[in-house]
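Report on the following structure.
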Amino acid sequence: MYKKAILKSMSRTPYPLEPTASERVAVQQAVESYIQNFLTQLPALPAYVDTPEKGAGLLESPLEENPISIEHALGLLKSEVDVPGINSASGGHLGYIPGGGLYYEGLGDYLAAVTNKYAGIFYSAPGAVRMENLLLRWMASLIDFPADAAGNLTSGGSIASLIALATARDAQKITSRMIPDAVVYLTAHAHHCLDKALRIAGLGECPVRYIPMDARYRMQPEALEQAILEDKAAGLTPWLIIASAGTTDVGAVDPLSAIGQIARQHQLWYHVDAAYGGFFALAPSGKPKLEGIALADSVVMDPHKGLFIPYGSGAVLIKNRKQTAETHHYLANYMQDALSATEEASPADLSPELSKHFRGLRLWLPLKLHGVGAFRGALEEKLDLAKYAYAQLQQMAGVEVPVEPELSLVIFRFVPTTGEEANAFNQKLIKAVQQDGRVFLSSTLLDGNFMLRLAILSFRTHQETIDLALQILREKATEIEQDYRS
Ligand SMILES: Cc1ncc(COP(=O)(O)O)c(C=O)c1O
């Protein structure tokens with residue numbers, strides 16, 4: 001009986017999961033036409049759309065036994081997924097840290113998905129692993145890390161940080177009994193993914209010292225050294241310093257050289273979160289701002305930020321290859337065939353992941369087809385746009401711009417002349433800008449003040465985008481002032 005049923009299922013032809021060549025072409029053409037329409041319309045599309053349904057129409061189309069047409073699927077994708085919320089592909093996305101959306105990346109992902117190379121182990125896909133390691137060696141060279149540094153292409157900065165901090169824990173030989181006395185140093189502006197990584201790595205109970213910042217929100221090295229000395233004198237075990245090369249709040253770069261020297265002197269692990277700022281090392285005027293990054297033991301830099309790659313691309317680099325393998329390498333009987341091929345390190349030995357997406361192709365293809373120079377130019381443009389926005393905002397009546405941008409993030413607020421409380425005014429302003437939707441801005445709190453941010457990192461953001469954002473801000477601020485007066 002059982003055997004017969006199997007045979008029956010095996011004799012079904014054609015196999016519906018394997019479309020014919022003509023079916024493939026028809027669906028592929030429909031998808032390509034959707035993409036081309038999206039890209040053609042993109043400059044005129046809003047950067048933010050707040051629909052009341054928020055994509056809930058998708059729930060009215062549950063998964064069913066029978067197929068739907070590609071036209072039907074693309075219709076759902078458009079109305080329920082692509083329209084509502086932030087249009088991350090838009091140059092008008094100036095909120096949070098914008099991700100990219102390079103077209104050639106999409107083709108790279110398409111190729112990677114269809115060929116489905118398993119890029120976790122060198123033995124399984126030597127070319128794919130070589131490609132990923134080549135990219136990581138290139139990234140290492142950008143920050144003057146040694147050519148034999150270890151690295152891993154991750155899903156983003158959060159997982160990259162987890163890999164780095166788990167490696168740091170083992171390299172510094174922090175065992176569970178030591179945790180209550182094992183001190184970590186960072187600033188209050190370090191990204192929350194680092195606190196999260198500490199917690200997930202079992203280090204949530206380590207004492208954390210929030211080191212004071214200077215007027216530009218950068219860690220004060222003297223205060224760091226003082227804190228380490230005090231903790232040592234109290235019999236504690238300082239073991240980890242986390243610095244930022246581009247904070248999410250204001251884009252500040254901590255003094256990486258001075259902090260690195262302190263880390264070296266006291267033999268602490270030195271981690272630099274360059275998730276946002278790291279790829280500015282490519283831009284001639286960005287590179288000097290990252291001076292001292294090479295002193296780090298581990299660095300995180302996100303291609304889905306500074307290389308304009310769509311979400312899902314982070315990277316971690318670890319100077320001493322042996323240390324990361326100690327944390328992440330495992331052997332299992334069913335993996336024994338893989339042991340013979342050792343020319344390149346396997347990504348699975350440097351990460352918690354075993355099966356993984358072939359992330360290298362989404363990076364390699366655009367870097368090869370555009371050439372590195374195109375990325376260098378775009379990053380230099382972002383730094384210039386931030387300077388431009390800063391100068392323009394400084395000239396705007398009633399606008400306070402507390403810090404000169406170090407990278408491509410400008411922070412500011414309106415100080416209303418109407419007598420209305422500034423925080424309430426700026427909250428109304430960001431809401432009005434978001435409702436308008438032509439550009440998308442986000443906010444943060446700085447010393448209790450509600451601040452607006454212009455995060456300039458999309459490769460589609462140019463001078464006209466900044467001019468439009470400033471014009472919208474002016475318009476909305478005037479409207480709110482008028483409302484308050486009337
Ligand atoms: C400075 C910084 N570090 C880390 C992260 C976390 O990266 P991801 O969102 O890729 O996990 C971010 C995200 O915006 C960030 O801005």
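Residue names in the structure tokens use chain letters A, B, ... in the order shown, residue numbers from 1 in each chain, and ligand numbers from 1 in the order shown.
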
May I have a table of the residues of chain A lying at most 8 Å from ligand 1, giving each one's closest pair of atoms and their distance in Å to one decimal, counting only C-alpha atoms and all ligand atoms, ordered by chain and ascending residue number, as JSON lines?
```
{"residue": "A:Tyr96", "atom": "CA", "partner": "ligand 1", "partner_atom_place_in_ligand_line": "14 (O)", "distance": 6.6}
{"residue": "A:Ile97", "atom": "CA", "partner": "ligand 1", "partner_atom_place_in_ligand_line": "14 (O)", "distance": 5.3}
{"residue": "A:Ser155", "atom": "CA", "partner": "ligand 1", "partner_atom_place_in_ligand_line": "10 (O)", "distance": 7.1}
{"residue": "A:Gly156", "atom": "CA", "partner": "ligand 1", "partner_atom_place_in_ligand_line": "10 (O)", "distance": 3.5}
{"residue": "A:Gly157", "atom": "CA", "partner": "ligand 1", "partner_atom_place_in_ligand_line": "7 (O)", "distance": 3.4}
{"residue": "A:Ser158", "atom": "CA", "partner": "ligand 1", "partner_atom_place_in_ligand_line": "11 (O)", "distance": 3.5}
{"residue": "A:Ile159", "atom": "CA", "partner": "ligand 1", "partner_atom_place_in_ligand_line": "11 (O)", "distance": 6.4}
{"residue": "A:Ala160", "atom": "CA", "partner": "ligand 1", "partner_atom_place_in_ligand_line": "11 (O)", "distance": 7.7}
{"residue": "A:Ser161", "atom": "CA", "partner": "ligand 1", "partner_atom_place_in_ligand_line": "4 (C)", "distance": 7.6}
{"residue": "A:Ala190", "atom": "CA", "partner": "ligand 1", "partner_atom_place_in_ligand_line": "1 (C)", "distance": 7.1}
{"residue": "A:His191", "atom": "CA", "partner": "ligand 1", "partner_atom_place_in_ligand_line": "3 (N)", "distance": 5.0}
{"residue": "A:His192", "atom": "CA", "partner": "ligand 1", "partner_atom_place_in_ligand_line": "4 (C)", "distance": 7.5}
{"residue": "A:Cys193", "atom": "CA", "partner": "ligand 1", "partner_atom_place_in_ligand_line": "6 (C)", "distance": 5.7}
{"residue": "A:Leu194", "atom": "CA", "partner": "ligand 1", "partner_atom_place_in_ligand_line": "4 (C)", "distance": 7.5}
{"residue": "A:Ser244", "atom": "CA", "partner": "ligand 1", "partner_atom_place_in_ligand_line": "1 (C)", "distance": 6.8}
{"residue": "A:Ala245", "atom": "CA", "partner": "ligand 1", "partner_atom_place_in_ligand_line": "1 (C)", "distance": 7.4}
{"residue": "A:Gly246", "atom": "CA", "partner": "ligand 1", "partner_atom_place_in_ligand_line": "1 (C)", "distance": 5.8}
{"residue": "A:Thr247", "atom": "CA", "partner": "ligand 1", "partner_atom_place_in_ligand_line": "1 (C)", "distance": 4.8}
{"residue": "A:Thr248", "atom": "CA", "partner": "ligand 1", "partner_atom_place_in_ligand_line": "16 (O)", "distance": 4.5}
{"residue": "A:Asp273", "atom": "CA", "partner": "ligand 1", "partner_atom_place_in_ligand_line": "3 (N)", "distance": 5.8}
{"residue": "A:Ala274", "atom": "CA", "partner": "ligand 1", "partner_atom_place_in_ligand_line": "1 (C)", "distance": 6.3}
{"residue": "A:Ala275", "atom": "CA", "partner": "ligand 1", "partner_atom_place_in_ligand_line": "3 (N)", "distance": 4.7}
{"residue": "A:Tyr276", "atom": "CA", "partner": "ligand 1", "partner_atom_place_in_ligand_line": "1 (C)", "distance": 5.0}
{"residue": "A:Gly277", "atom": "CA", "partner": "ligand 1", "partner_atom_place_in_ligand_line": "1 (C)", "distance": 7.4}
{"residue": "A:Val300", "atom": "CA", "partner": "ligand 1", "partner_atom_place_in_ligand_line": "3 (N)", "distance": 7.9}
{"residue": "A:Asp302", "atom": "CA", "partner": "ligand 1", "partner_atom_place_in_ligand_line": "10 (O)", "distance": 6.4}
{"residue": "A:His304", "atom": "CA", "partner": "ligand 1", "partner_atom_place_in_ligand_line": "10 (O)", "distance": 7.2}
{"residue": "A:Lys305", "atom": "CA", "partner": "ligand 1", "partner_atom_place_in_ligand_line": "10 (O)", "distance": 7.8}
{"residue": "A:Tyr311", "atom": "CA", "partner": "ligand 1", "partner_atom_place_in_ligand_line": "10 (O)", "distance": 7.5}
{"residue": "A:Gly312", "atom": "CA", "partner": "ligand 1", "partner_atom_place_in_ligand_line": "10 (O)", "distance": 7.2}
{"residue": "A:Ser313", "atom": "CA", "partner": "ligand 1", "partner_atom_place_in_ligand_line": "10 (O)", "distance": 7.2}
{"residue": "A:Gly314", "atom": "CA", "partner": "ligand 1", "partner_atom_place_in_ligand_line": "10 (O)", "distance": 6.0}
```

Exercise for the section: Might you pull out every residue within 9 Å of Gly99 in chain A, with only C-alpha atoms counted and same-chain residues fewer than 6 positions away left off, and present them as a PyMOL selection string? Expected result: chain A and resi 88-89+93+303-311+457-458

Exercise for the section: Give me every strand (DSSP E or B) residue in range 228-416 of chain A, going by DSSP on the backbone, as number ranges by chain. Expected result: A: 237-245, 253, 269-273, 298-300, 314-318, 399-400, 409-414

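Here the question is which of A:Thr167, A:Ser90, A:Gln265, A:Ser61 gets nearest to His329 in chain A using only C-alpha atoms, and that residue is A:Thr167.
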
Completion exercise
In terms of only C-alpha atoms, the residue from A:Pro19, A:Gly360, A:Gly106, A:Pro207 at minimal distance from Leu134 in chain A is A:Gly360

Compile a residue-level contact table for range 309-404 of chain A against range 424-443 of chain A at a cut-off of 12 Å, reporting for every qualifying residue the shortest atom pair and its distance in Å to one decimal, with only C-alpha atoms counted, rows ordered by chain and ascending number, as a Markdown table.
```
| residue | atom | partner | partner_atom | distance |
| --- | --- | --- | --- | --- |
| A:Gly398 | CA | A:Asn426 | CA | 11.8 |
| A:Val399 | CA | A:Asn426 | CA | 10.7 |
| A:Glu400 | CA | A:Asn426 | CA | 11.5 |
```

Problem - Residue neighbourhood range 403-417 of chain A, 9 Å, only C-alpha atoms, exclusion window fewer than 4 positions, as JSON, numbers by chain - result: {"A": [97, 215, 216, 217, 246, 248, 249, 250, 251, 252, 253, 277, 280, 286, 289, 379, 382, 383, 384, 385, 386, 387, 389, 390, 393, 397, 398, 399, 421, 422, 423, 425, 426, 429, 443, 444, 449, 450, 451, 452, 453, 454, 455, 456, 457, 477, 481]}

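Excluding Trp269 in chain A itself and same-chain residues fewer than 4 positions from it, the residues having an atom within 9 Å of it are Ala168, Arg169, Ala171, Gln172, Trp239, Leu240, Ile241, Ile242, Ala263, Arg264, Ala296, Asp297 and Ser298 of chain A, counting only C-alpha atoms.
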
Selection from above, N, CA and C atoms, as a compact mmCIF listing (two decimals), in the first residue's frame, can you write it?
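File selection-v2.txt, as written:
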```
# COMPACT_ATOMS: atom_id res chain seq x y z
N ALA A 168 35.39 37.88 21.43
CA ALA A 168 36.11 38.66 22.45
C ALA A 168 36.02 37.96 23.81
N ARG A 169 34.83 37.48 24.12
CA ARG A 169 34.61 36.78 25.41
C ARG A 169 35.59 35.61 25.55
N ALA A 171 38.36 34.97 23.72
CA ALA A 171 39.77 35.38 23.63
C ALA A 171 40.25 35.96 24.95
N GLN A 172 39.36 36.64 25.66
CA GLN A 172 39.73 37.23 26.95
C GLN A 172 39.50 36.25 28.11
N TRP A 239 37.67 44.15 30.56
CA TRP A 239 38.06 43.22 29.47
C TRP A 239 37.65 43.70 28.08
N LEU A 240 36.70 44.62 27.99
CA LEU A 240 36.20 44.97 26.65
C LEU A 240 35.90 46.46 26.54
N ILE A 241 36.45 47.07 25.47
CA ILE A 241 36.08 48.46 25.15
C ILE A 241 35.36 48.43 23.80
N ILE A 242 34.22 49.12 23.75
CA ILE A 242 33.48 49.22 22.48
C ILE A 242 33.46 50.69 22.07
N ALA A 263 43.36 50.53 25.11
CA ALA A 263 43.01 49.10 25.08
C ALA A 263 44.29 48.25 25.07
N ARG A 264 45.25 48.67 24.26
CA ARG A 264 46.50 47.91 24.14
C ARG A 264 47.26 47.92 25.46
N ALA A 296 41.94 48.13 16.31
CA ALA A 296 40.86 47.29 16.87
C ALA A 296 41.20 45.80 16.77
N ASP A 297 40.62 45.02 17.67
CA ASP A 297 40.69 43.57 17.55
C ASP A 297 39.56 43.07 16.66
N SER A 298 38.43 43.77 16.69
CA SER A 298 37.31 43.38 15.83
C SER A 298 36.58 44.63 15.36
```

Exercise for the section: Please return as JSON, numbers by chain: the residues of range 265-463 of chain A that backbone DSSP assigns to alpha helix (DSSP H). Expected result: {"A": [265, 266, 303, 304, 305, 306, 321, 322, 323, 324, 325, 326, 327, 328, 360, 361, 362, 363, 364, 365, 366, 367, 368, 369, 370, 372, 373, 374, 375, 376, 377, 378, 379, 380, 381, 382, 383, 384, 385, 386, 387, 388, 389, 390, 391, 392, 393, 394, 395, 422, 423, 424, 425, 426, 427, 428, 429, 430, 431, 432, 433, 434, 435, 436, 463]}

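If you count only C-alpha atoms and ignore residues fewer than 3 places along the chain from Gly120 in chain A, what sits within 6 Å of it is Pro347, Ala348 and Leu354 of chain A.
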
Handout entry: Pro16 in chain A surroundings by only C-alpha atoms, 12 Å radius, close-in-sequence under 4 positions cut, as a PyMOL selection string
Key = chain A and resi 12+20+23-24+66-67

Residues as selected, N, CA, C and O atoms, written as an mmCIF file, in the first residue's frame, can you do that?
```
data_model
loop_
_atom_site.group_PDB
_atom_site.id
_atom_site.type_symbol
_atom_site.label_atom_id
_atom_site.label_comp_id
_atom_site.auth_asym_id
_atom_site.auth_seq_id
_atom_site.Cartn_x
_atom_site.Cartn_y
_atom_site.Cartn_z
ATOM 1 N N ARG A 12 3.742 11.458 -11.216
ATOM 2 C CA ARG A 12 3.055 12.675 -11.681
ATOM 3 C C ARG A 12 3.942 13.462 -12.627
ATOM 4 O O ARG A 12 5.081 13.768 -12.307
ATOM 5 N N THR A 20 8.270 24.950 -16.923
ATOM 6 C CA THR A 20 8.921 24.731 -18.222
ATOM 7 C C THR A 20 9.663 26.000 -18.613
ATOM 8 O O THR A 20 9.445 27.067 -18.020
ATOM 9 N N GLU A 23 7.306 28.788 -19.350
ATOM 10 C CA GLU A 23 6.685 29.311 -18.111
ATOM 11 C C GLU A 23 7.681 30.199 -17.352
ATOM 12 O O GLU A 23 7.340 31.263 -16.846
ATOM 13 N N ARG A 24 8.927 29.751 -17.303
ATOM 14 C CA ARG A 24 9.964 30.537 -16.604
ATOM 15 C C ARG A 24 10.114 31.909 -17.224
ATOM 16 O O ARG A 24 10.142 32.930 -16.553
ATOM 17 N N ASN A 66 -4.199 25.683 -4.356
ATOM 18 C CA ASN A 66 -4.005 25.937 -5.781
ATOM 19 C C ASN A 66 -3.222 27.221 -6.030
ATOM 20 O O ASN A 66 -3.230 28.132 -5.210
ATOM 21 N N PRO A 67 -2.548 27.287 -7.181
ATOM 22 C CA PRO A 67 -1.681 28.443 -7.454
ATOM 23 C C PRO A 67 -2.458 29.703 -7.857
ATOM 24 O O PRO A 67 -3.625 29.612 -8.242
#
```

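Nearest residue to Pro366 in chain A among A:Tyr104, A:Trp138, A:Tyr48, A:Tyr330 is A:Tyr104, counting only C-alpha atoms.
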